[in-house]
$ cat data-v3.cif   # mmCIF, C-alpha atoms
data_run
#
loop_
_atom_site.label_atom_id
_atom_site.label_comp_id
_atom_site.auth_asym_id
_atom_site.auth_seq_id
_atom_site.Cartn_x
_atom_site.Cartn_y
_atom_site.Cartn_z
CA MET A 1 52.86 -12.44 28.50
CA ALA A 2 54.38 -15.50 26.85
CA ARG A 3 53.93 -15.67 23.10
CA VAL A 4 53.03 -18.64 20.95
CA VAL A 5 55.76 -20.11 18.76
CA PRO A 6 54.75 -20.04 15.06
CA ALA A 7 56.94 -23.01 14.11
CA VAL A 8 55.28 -25.18 16.77
CA ILE A 9 51.81 -24.13 15.62
CA ARG A 10 52.69 -25.03 12.03
CA ALA A 11 54.07 -28.41 13.07
CA LEU A 12 50.87 -29.16 14.98
CA ASP A 13 48.81 -28.00 11.99
CA ILE A 14 50.64 -30.58 9.88
CA LEU A 15 49.95 -33.38 12.36
CA GLU A 16 46.26 -32.44 12.56
CA LEU A 17 45.91 -32.80 8.79
CA PHE A 18 46.35 -36.55 9.30
CA LEU A 19 43.17 -36.75 11.40
CA ASP A 20 41.21 -37.02 8.15
CA ARG A 21 43.78 -38.69 5.88
CA PRO A 22 46.02 -41.72 6.55
CA GLU A 23 48.70 -40.43 4.19
CA LEU A 24 49.64 -37.05 2.73
CA SER A 25 52.30 -35.86 0.31
CA ALA A 26 54.53 -32.86 0.90
CA ARG A 27 52.69 -31.08 -1.90
CA GLU A 28 49.29 -31.75 -0.29
CA VAL A 29 50.54 -30.40 3.04
CA THR A 30 51.86 -27.28 1.31
CA GLU A 31 48.56 -26.68 -0.51
CA ARG A 32 46.31 -27.36 2.48
CA LEU A 33 48.23 -25.09 4.86
CA ASP A 34 49.22 -22.49 2.24
CA LEU A 35 52.80 -22.40 3.48
CA PRO A 36 56.09 -21.95 1.57
CA ARG A 37 57.54 -25.23 0.30
CA THR A 38 60.82 -24.69 2.11
CA THR A 39 58.99 -24.20 5.43
CA VAL A 40 56.95 -27.36 4.92
CA HIS A 41 60.07 -29.31 3.95
CA GLU A 42 61.91 -28.24 7.12
CA LEU A 43 58.92 -29.08 9.33
CA LEU A 44 58.42 -32.48 7.71
CA VAL A 45 62.11 -33.33 8.09
CA THR A 46 61.93 -32.37 11.77
CA LEU A 47 58.78 -34.42 12.42
CA VAL A 48 60.33 -37.41 10.64
CA GLU A 49 63.52 -37.03 12.67
CA ARG A 50 61.46 -37.26 15.88
CA ALA A 51 59.34 -40.12 14.35
CA TYR A 52 56.06 -38.21 14.70
CA LEU A 53 55.81 -38.77 10.96
CA ILE A 54 57.25 -41.63 8.96
CA VAL A 55 58.00 -41.79 5.25
CA VAL A 56 55.76 -44.19 3.34
CA PRO A 57 57.99 -47.04 2.12
CA GLY A 58 58.85 -46.60 -1.56
CA GLN A 59 57.26 -43.14 -1.65
CA PRO A 60 59.83 -40.65 -0.32
CA VAL A 61 57.52 -37.61 -0.46
CA ARG A 62 54.50 -39.23 1.22
CA TYR A 63 54.05 -39.40 4.98
CA ARG A 64 51.92 -41.06 7.66
CA LEU A 65 51.70 -40.70 11.43
CA GLY A 66 54.41 -42.35 13.52
CA MET A 67 54.35 -44.33 16.76
CA PRO A 68 54.87 -41.38 19.18
CA VAL A 69 51.48 -39.96 18.12
CA PHE A 70 49.83 -43.28 19.01
CA GLN A 71 51.71 -43.39 22.31
CA LEU A 72 50.56 -39.92 23.28
CA GLY A 73 46.97 -40.72 22.33
CA SER A 74 47.05 -43.97 24.26
CA ALA A 75 48.50 -42.22 27.32
CA PHE A 76 45.69 -39.66 27.17
CA ALA A 77 42.98 -42.27 26.67
CA GLY A 78 44.36 -44.41 29.46
CA ARG A 79 43.90 -41.54 31.90
CA LEU A 80 40.41 -40.65 30.69
CA ASP A 81 37.83 -42.62 32.64
CA LEU A 82 35.14 -41.51 30.21
CA VAL A 83 36.67 -43.40 27.29
CA ARG A 84 37.26 -46.57 29.28
CA GLU A 85 33.75 -46.63 30.74
CA ALA A 86 32.10 -45.53 27.50
CA GLN A 87 33.52 -48.43 25.52
CA GLY A 88 31.78 -50.99 27.70
CA VAL A 89 28.44 -49.19 27.80
CA ALA A 90 28.52 -48.50 24.04
CA ARG A 91 29.06 -52.21 23.37
CA GLU A 92 26.00 -53.05 25.49
CA VAL A 93 23.79 -50.55 23.65
CA ALA A 94 25.09 -51.70 20.25
CA ALA A 95 24.34 -55.31 21.16
CA ALA A 96 20.77 -54.36 22.05
CA CYS A 97 19.99 -52.60 18.76
CA ASP A 98 22.69 -53.86 16.36
CA GLU A 99 23.35 -50.35 15.15
CA ALA A 100 26.38 -48.08 15.45
CA VAL A 101 26.88 -46.41 18.82
CA HIS A 102 29.11 -43.37 19.36
CA VAL A 103 30.26 -41.33 22.32
CA ALA A 104 31.48 -37.81 21.57
CA VAL A 105 32.62 -34.65 23.34
CA LEU A 106 32.41 -30.98 22.42
CA ASP A 107 35.52 -29.15 21.24
CA GLY A 108 34.70 -25.55 20.43
CA ALA A 109 32.06 -25.58 17.71
CA ASP A 110 32.79 -29.19 16.76
CA VAL A 111 32.29 -32.65 18.20
CA ILE A 112 35.04 -35.27 18.40
CA TYR A 113 34.14 -38.95 18.50
CA LEU A 114 35.89 -40.77 21.35
CA VAL A 115 34.23 -44.19 21.06
CA LYS A 116 32.59 -46.12 18.24
CA VAL A 117 31.01 -49.58 18.23
CA ASP A 118 29.84 -50.79 14.82
CA SER A 119 26.76 -52.77 13.91
CA THR A 120 27.04 -56.21 12.32
CA HIS A 121 25.06 -55.16 9.24
CA PRO A 122 26.91 -55.06 5.90
CA VAL A 123 25.54 -51.54 5.28
CA ARG A 124 26.71 -49.34 8.13
CA MET A 125 27.70 -45.82 9.06
CA VAL A 126 31.10 -44.60 7.89
CA SER A 127 32.78 -42.92 10.87
CA ALA A 128 35.86 -43.20 13.03
CA VAL A 129 37.22 -42.44 16.47
CA GLY A 130 38.86 -39.03 16.36
CA ARG A 131 36.60 -37.73 13.62
CA ARG A 132 35.55 -34.09 13.96
CA LEU A 133 32.20 -32.72 12.72
CA PRO A 134 30.29 -29.45 13.17
CA ALA A 135 28.29 -29.82 16.38
CA HIS A 136 25.12 -28.19 15.05
CA CYS A 137 24.82 -30.81 12.29
CA THR A 138 24.87 -33.88 14.56
CA ALA A 139 22.63 -35.37 17.23
CA VAL A 140 25.52 -35.69 19.70
CA GLY A 141 26.55 -32.12 18.96
CA LYS A 142 23.09 -30.70 19.53
CA ILE A 143 22.86 -32.51 22.87
CA LEU A 144 26.22 -31.04 23.88
CA LEU A 145 25.30 -27.54 22.71
CA ALA A 146 22.02 -27.79 24.60
CA GLY A 147 24.03 -28.54 27.74
CA LEU A 148 25.85 -25.21 27.55
CA ASP A 149 24.71 -22.14 29.47
CA ARG A 150 23.75 -19.04 27.52
CA ALA A 151 27.25 -17.55 27.63
CA GLY A 152 28.81 -20.81 26.51
CA LEU A 153 26.44 -21.15 23.58
CA ASP A 154 26.97 -17.49 22.62
CA ALA A 155 30.73 -18.12 22.56
CA VAL A 156 30.32 -21.10 20.24
CA LEU A 157 28.00 -19.24 17.86
CA ALA A 158 30.39 -16.29 17.80
CA LYS A 159 33.08 -18.47 16.22
CA GLY A 160 31.59 -17.95 12.77
CA PRO A 161 28.76 -18.80 10.38
CA LEU A 162 27.01 -22.15 10.77
CA ALA A 163 28.04 -24.10 7.69
CA GLY A 164 25.66 -26.80 6.53
CA MET A 165 26.68 -30.35 5.68
CA THR A 166 23.41 -31.16 3.89
CA PRO A 167 20.30 -29.18 2.86
CA ALA A 168 18.69 -30.32 6.13
CA SER A 169 21.39 -28.77 8.34
CA ILE A 170 20.33 -25.93 10.63
CA THR A 171 22.41 -22.91 9.63
CA ASP A 172 20.39 -20.05 11.14
CA PRO A 173 21.56 -19.19 14.69
CA ASP A 174 18.11 -18.16 15.90
CA ARG A 175 16.55 -21.34 14.55
CA LEU A 176 19.31 -23.37 16.20
CA ARG A 177 18.70 -21.66 19.57
CA ALA A 178 15.01 -22.49 19.35
CA HIS A 179 15.78 -26.05 18.36
CA LEU A 180 18.17 -26.46 21.30
CA GLU A 181 15.43 -25.32 23.69
CA GLN A 182 13.35 -28.22 22.39
CA VAL A 183 16.29 -30.59 22.82
CA ARG A 184 16.71 -29.48 26.45
CA ALA A 185 13.03 -30.05 27.13
CA GLU A 186 12.95 -33.51 25.53
CA GLY A 187 16.36 -34.72 26.74
CA VAL A 188 17.21 -36.25 23.36
CA ALA A 189 18.37 -34.90 20.01
CA ALA A 190 17.96 -36.29 16.52
CA ASP A 191 19.96 -35.94 13.32
CA VAL A 192 17.51 -36.43 10.47
CA GLY A 193 19.86 -36.24 7.52
CA GLU A 194 21.62 -33.10 8.80
CA SER A 195 25.16 -34.51 8.65
CA ASP A 196 24.51 -37.24 6.05
CA THR A 197 21.33 -37.53 4.04
CA ALA A 198 21.51 -41.33 4.15
CA MET A 199 21.79 -41.56 7.95
CA ARG A 200 19.57 -41.05 10.98
CA CYS A 201 20.75 -40.63 14.57
CA VAL A 202 19.40 -40.15 18.11
CA ALA A 203 21.52 -38.95 21.07
CA ALA A 204 21.30 -38.33 24.83
CA ALA A 205 23.50 -36.52 27.34
CA VAL A 206 26.18 -38.05 29.57
CA ARG A 207 26.76 -36.22 32.86
CA ASP A 208 29.59 -36.29 35.38
CA HIS A 209 29.45 -36.29 39.19
CA SER A 210 28.57 -32.58 39.24
CA GLY A 211 25.67 -32.98 36.84
CA ALA A 212 27.45 -31.20 34.01
CA VAL A 213 27.01 -32.55 30.47
CA VAL A 214 30.44 -33.91 29.54
CA ALA A 215 29.64 -36.13 26.56
CA ALA A 216 26.84 -37.48 24.40
CA MET A 217 25.93 -41.00 23.33
CA SER A 218 24.17 -41.78 20.06
CA VAL A 219 22.65 -44.60 18.06
CA SER A 220 23.06 -44.21 14.29
CA ALA A 221 21.86 -46.20 11.29
CA PRO A 222 21.28 -45.90 7.54
CA ILE A 223 17.90 -44.55 6.49
CA ILE A 224 17.07 -47.94 4.95
CA ARG A 225 16.67 -49.31 8.50
CA TRP A 226 14.76 -46.29 9.83
CA THR A 227 11.15 -47.15 10.63
CA PRO A 228 8.33 -45.16 12.25
CA GLN A 229 9.15 -46.96 15.50
CA SER A 230 12.89 -46.25 15.37
CA PRO A 231 12.93 -42.76 16.97
CA ARG A 232 11.09 -43.93 20.09
CA GLU A 233 12.99 -47.23 20.37
CA TRP A 234 16.41 -45.68 19.83
CA ALA A 235 15.63 -42.76 22.14
CA GLY A 236 14.84 -45.25 24.90
CA LEU A 237 18.03 -47.22 24.30
CA VAL A 238 20.29 -44.19 24.12
CA ARG A 239 18.69 -42.60 27.21
CA GLU A 240 19.32 -45.80 29.14
CA GLY A 241 22.87 -46.11 27.86
CA ALA A 242 23.69 -42.47 28.61
CA ALA A 243 22.19 -42.84 32.09
CA THR A 244 24.32 -45.94 32.73
CA LEU A 245 27.47 -44.17 31.60
CA SER A 246 26.55 -41.09 33.66
CA ALA A 247 26.20 -43.27 36.76
CA ARG A 248 29.64 -44.75 36.11
CA MET A 249 30.98 -41.20 35.89
CA GLY A 250 29.59 -40.50 39.37
CA TYR A 251 26.31 -38.81 38.46
CA ARG A 252 23.35 -39.38 40.75
CA ALA A 253 19.97 -38.33 39.46
CA ALA A 254 17.84 -36.33 41.89
#
$ encode --input "data-v3.cif" --output "structure tokens"
Amino acid sequence: MARVVPAVIRALDILELFLDRPELSAREVTERLDLPRTTVHELLVTLVERAYLIVVPGQPVRYRLGMPVFQLGSAFAGRLDLVREAQGVAREVAAACDEAVHVAVLDGADVIYLVKVDSTHPVRMVSAVGRRLPAHCTAVGKILLAGLDRAGLDAVLAKGPLAGMTPASITDPDRLRAHLEQVRAEGVAADVGESDTAMRCVAAAVRDHSGAVVAAMSVSAPIIRWTPQSPREWAGLVREGAATLSARMGYRAA
């Protein structure tokens, strides 16, 4: 059986640190990955040599992502019909409600945001394409978890304890299972301050040609614009948007 190469794993770990930070110093990389300074130095020099990282001008020990990372991401996105189709549908939904619209996919126990369309309001949700959050704390994540079969959900929950992002987060596995049954029955999921106490979110499932849940679409807004009518209105919008995107992905409802 082929073995993994530790040096490659460490290099990828370094690159993944930049998903949450535009710039990092060599010291920050060393502390975050708990690696020897000499190892980090050698890896950084190698990544700079191949231009996957570039040195911040005037700051020789600070780094940011280089052009090859963008090129790889663009090549991936260009081949992913979901991203291309989702951008258009998300813009339509955002125009209808003037709130932030996201499309996300499941990656292990987390969700990754593939598409974001902002609202025009001065107060808006802080998020970004590529951001990763615990699935059980988000509306999109709960929709995606609800789309798993029992074995798939068991595998996700076996990855470790459910960490909460706010006091409202569901951190008990049994409670989460029961909640996901409700999500399956209703066809929509809500985030009522579970990932951010100042935000509210409603999401629906996106299906592919086989009927499998492959993504989730959400409408999100600050609590200051949340009204008693919002859950029903947003649920209707996000259901319609998710259905439109599903149809573009080849899904045909029975």
$ closest_residue --input "data-v3.cif" --among "A:Arg10, A:Leu114, A:Gln71, A:Pro228" --to "Pro36 of chain A" --atoms "all atoms listed in the file"
A:Arg10
$ closest_residue --input "data-v3.cif" --among "A:Ala109, A:Val206, A:Ala190, A:Cys137" --to "Gly152 of chain A" --atoms "only C-alpha atoms"
A:Ala109
$ closest_residue --input "data-v3.cif" --among "A:Val202, A:Leu47, A:Leu72, A:Leu19" --to "Ala221 of chain A" --atoms "all atoms listed in the file"
A:Val202
$ resolve_selection --input "data-v3.cif" --expression "the PyMOL selection byres ((chain A and resi 96-107) around 9)" --output "number ranges by chain"
A: 83, 86-87, 90-95, 108-121, 124-125, 129, 132, 135, 140-141, 144-145, 203, 206, 214-221, 233-234, 237-238
$ resolve_selection --input "data-v3.cif" --expression "the PyMOL selection byres ((chain A and resi 180) around 8)" --output "list in words"
Lys142, Ile143, Leu145, Ala146, Leu176, Arg177, Ala178, His179, Glu181, Gln182, Val183 and Arg184 of chain A
$ resolve_selection --input "data-v3.cif" --expression "the PyMOL selection byres ((chain A and resi 165-174) around 7)" --output "PyMOL selection string"
chain A and resi 136-137+162-164+175-178+193-197
$ write_last_selection --input "data-v3.cif" --atoms "C-alpha atoms" --output "PDB file, keeping the file's coordinate frame"
ATOM      1  CA  HIS A 136      25.120 -28.190  15.050  1.00  0.00           C
ATOM      2  CA  CYS A 137      24.820 -30.810  12.290  1.00  0.00           C
ATOM      3  CA  LEU A 162      27.010 -22.150  10.770  1.00  0.00           C
ATOM      4  CA  ALA A 163      28.040 -24.100   7.690  1.00  0.00           C
ATOM      5  CA  GLY A 164      25.660 -26.800   6.530  1.00  0.00           C
ATOM      6  CA  ARG A 175      16.550 -21.340  14.550  1.00  0.00           C
ATOM      7  CA  LEU A 176      19.310 -23.370  16.200  1.00  0.00           C
ATOM      8  CA  ARG A 177      18.700 -21.660  19.570  1.00  0.00           C
ATOM      9  CA  ALA A 178      15.010 -22.490  19.350  1.00  0.00           C
ATOM     10  CA  GLY A 193      19.860 -36.240   7.520  1.00  0.00           C
ATOM     11  CA  GLU A 194      21.620 -33.100   8.800  1.00  0.00           C
ATOM     12  CA  SER A 195      25.160 -34.510   8.650  1.00  0.00           C
ATOM     13  CA  ASP A 196      24.510 -37.240   6.050  1.00  0.00           C
ATOM     14  CA  THR A 197      21.330 -37.530   4.040  1.00  0.00           C
TER      15      THR A 197
END
$ atom_distance --input "data-v3.cif" --atom1 "atom CA of Ala243 of chain A" --atom2 "atom CA of Ala75 of chain A"
26.7 Å
$ closest_residue --input "data-v3.cif" --among "A:Arg84, A:Lys159, A:Arg64, A:Arg239" --to "Ser25 of chain A" --atoms "all atoms listed in the file"
A:Arg64
$ build_atoms --input "data-v3.cif" --residues "segment 83-109 of chain A" --atoms "N, CA, C and O atoms" --output "CSV table (one decimal), in the coordinates of the input"
chain,number,residue,atom,x,y,z
A,83,VAL,N,36.4,-42.5,28.4
A,83,VAL,CA,36.7,-43.4,27.3
A,83,VAL,C,36.6,-44.9,27.7
A,83,VAL,O,35.9,-45.7,27.1
A,84,ARG,N,37.3,-45.2,28.8
A,84,ARG,CA,37.3,-46.6,29.3
A,84,ARG,C,35.9,-47.1,29.6
A,84,ARG,O,35.4,-48.1,29.2
A,85,GLU,N,35.1,-46.2,30.4
A,85,GLU,CA,33.8,-46.6,30.7
A,85,GLU,C,32.8,-46.6,29.5
A,85,GLU,O,31.9,-47.5,29.4
A,86,ALA,N,33.0,-45.7,28.7
A,86,ALA,CA,32.1,-45.5,27.5
A,86,ALA,C,32.2,-46.7,26.6
A,86,ALA,O,31.2,-47.1,26.0
A,87,GLN,N,33.4,-47.3,26.4
A,87,GLN,CA,33.5,-48.4,25.5
A,87,GLN,C,32.6,-49.6,25.9
A,87,GLN,O,32.0,-50.2,25.1
A,88,GLY,N,32.6,-49.9,27.2
A,88,GLY,CA,31.8,-51.0,27.7
A,88,GLY,C,30.3,-50.7,27.5
A,88,GLY,O,29.5,-51.6,27.1
A,89,VAL,N,29.9,-49.5,27.9
A,89,VAL,CA,28.4,-49.2,27.8
A,89,VAL,C,28.0,-49.2,26.3
A,89,VAL,O,26.9,-49.6,26.0
A,90,ALA,N,28.8,-48.6,25.5
A,90,ALA,CA,28.5,-48.5,24.0
A,90,ALA,C,28.4,-49.9,23.4
A,90,ALA,O,27.5,-50.1,22.6
A,91,ARG,N,29.2,-50.8,23.9
A,91,ARG,CA,29.1,-52.2,23.4
A,91,ARG,C,27.7,-52.8,23.8
A,91,ARG,O,27.1,-53.5,23.0
A,92,GLU,N,27.3,-52.5,25.0
A,92,GLU,CA,26.0,-53.0,25.5
A,92,GLU,C,24.8,-52.5,24.7
A,92,GLU,O,23.9,-53.2,24.3
A,93,VAL,N,24.9,-51.2,24.4
A,93,VAL,CA,23.8,-50.6,23.6
A,93,VAL,C,23.8,-51.1,22.2
A,93,VAL,O,22.7,-51.4,21.6
A,94,ALA,N,25.0,-51.2,21.6
A,94,ALA,CA,25.1,-51.7,20.2
A,94,ALA,C,24.6,-53.1,20.2
A,94,ALA,O,23.9,-53.5,19.2
A,95,ALA,N,24.8,-53.9,21.2
A,95,ALA,CA,24.3,-55.3,21.2
A,95,ALA,C,22.8,-55.4,21.2
A,95,ALA,O,22.2,-56.3,20.7
A,96,ALA,N,22.2,-54.4,21.9
A,96,ALA,CA,20.8,-54.4,22.0
A,96,ALA,C,20.0,-53.9,20.8
A,96,ALA,O,18.9,-54.4,20.5
A,97,CYS,N,20.7,-53.1,20.0
A,97,CYS,CA,20.0,-52.6,18.8
A,97,CYS,C,20.7,-53.0,17.5
A,97,CYS,O,20.1,-52.8,16.4
A,98,ASP,N,21.9,-53.5,17.5
A,98,ASP,CA,22.7,-53.9,16.4
A,98,ASP,C,22.8,-52.7,15.4
A,98,ASP,O,22.7,-52.9,14.2
A,99,GLU,N,23.0,-51.5,15.9
A,99,GLU,CA,23.4,-50.4,15.2
A,99,GLU,C,24.6,-49.7,15.7
A,99,GLU,O,25.0,-50.0,16.8
A,100,ALA,N,25.2,-48.7,15.0
A,100,ALA,CA,26.4,-48.1,15.4
A,100,ALA,C,26.1,-47.2,16.7
A,100,ALA,O,25.1,-46.5,16.7
A,101,VAL,N,27.0,-47.2,17.6
A,101,VAL,CA,26.9,-46.4,18.8
A,101,VAL,C,28.1,-45.6,18.9
A,101,VAL,O,29.3,-46.1,18.8
A,102,HIS,N,28.0,-44.3,19.2
A,102,HIS,CA,29.1,-43.4,19.4
A,102,HIS,C,29.0,-42.6,20.7
A,102,HIS,O,27.9,-42.4,21.2
A,103,VAL,N,30.2,-42.3,21.2
A,103,VAL,CA,30.3,-41.3,22.3
A,103,VAL,C,31.2,-40.2,21.9
A,103,VAL,O,32.3,-40.5,21.4
A,104,ALA,N,30.7,-39.0,22.1
A,104,ALA,CA,31.5,-37.8,21.6
A,104,ALA,C,31.5,-36.7,22.6
A,104,ALA,O,30.7,-36.7,23.5
A,105,VAL,N,32.5,-35.8,22.5
A,105,VAL,CA,32.6,-34.6,23.3
A,105,VAL,C,32.7,-33.4,22.5
A,105,VAL,O,32.9,-33.4,21.3
A,106,LEU,N,32.4,-32.3,23.1
A,106,LEU,CA,32.4,-31.0,22.4
A,106,LEU,C,33.8,-30.4,22.5
A,106,LEU,O,34.5,-30.4,23.5
A,107,ASP,N,34.3,-29.8,21.3
A,107,ASP,CA,35.5,-29.2,21.2
A,107,ASP,C,35.3,-27.9,20.4
A,107,ASP,O,35.3,-27.9,19.2
A,108,GLY,N,35.0,-26.8,21.1
A,108,GLY,CA,34.7,-25.6,20.4
A,108,GLY,C,33.3,-25.7,19.8
A,108,GLY,O,32.3,-26.0,20.4
A,109,ALA,N,33.3,-25.5,18.5
A,109,ALA,CA,32.1,-25.6,17.7
A,109,ALA,C,31.9,-27.0,17.1
A,109,ALA,O,31.0,-27.2,16.3
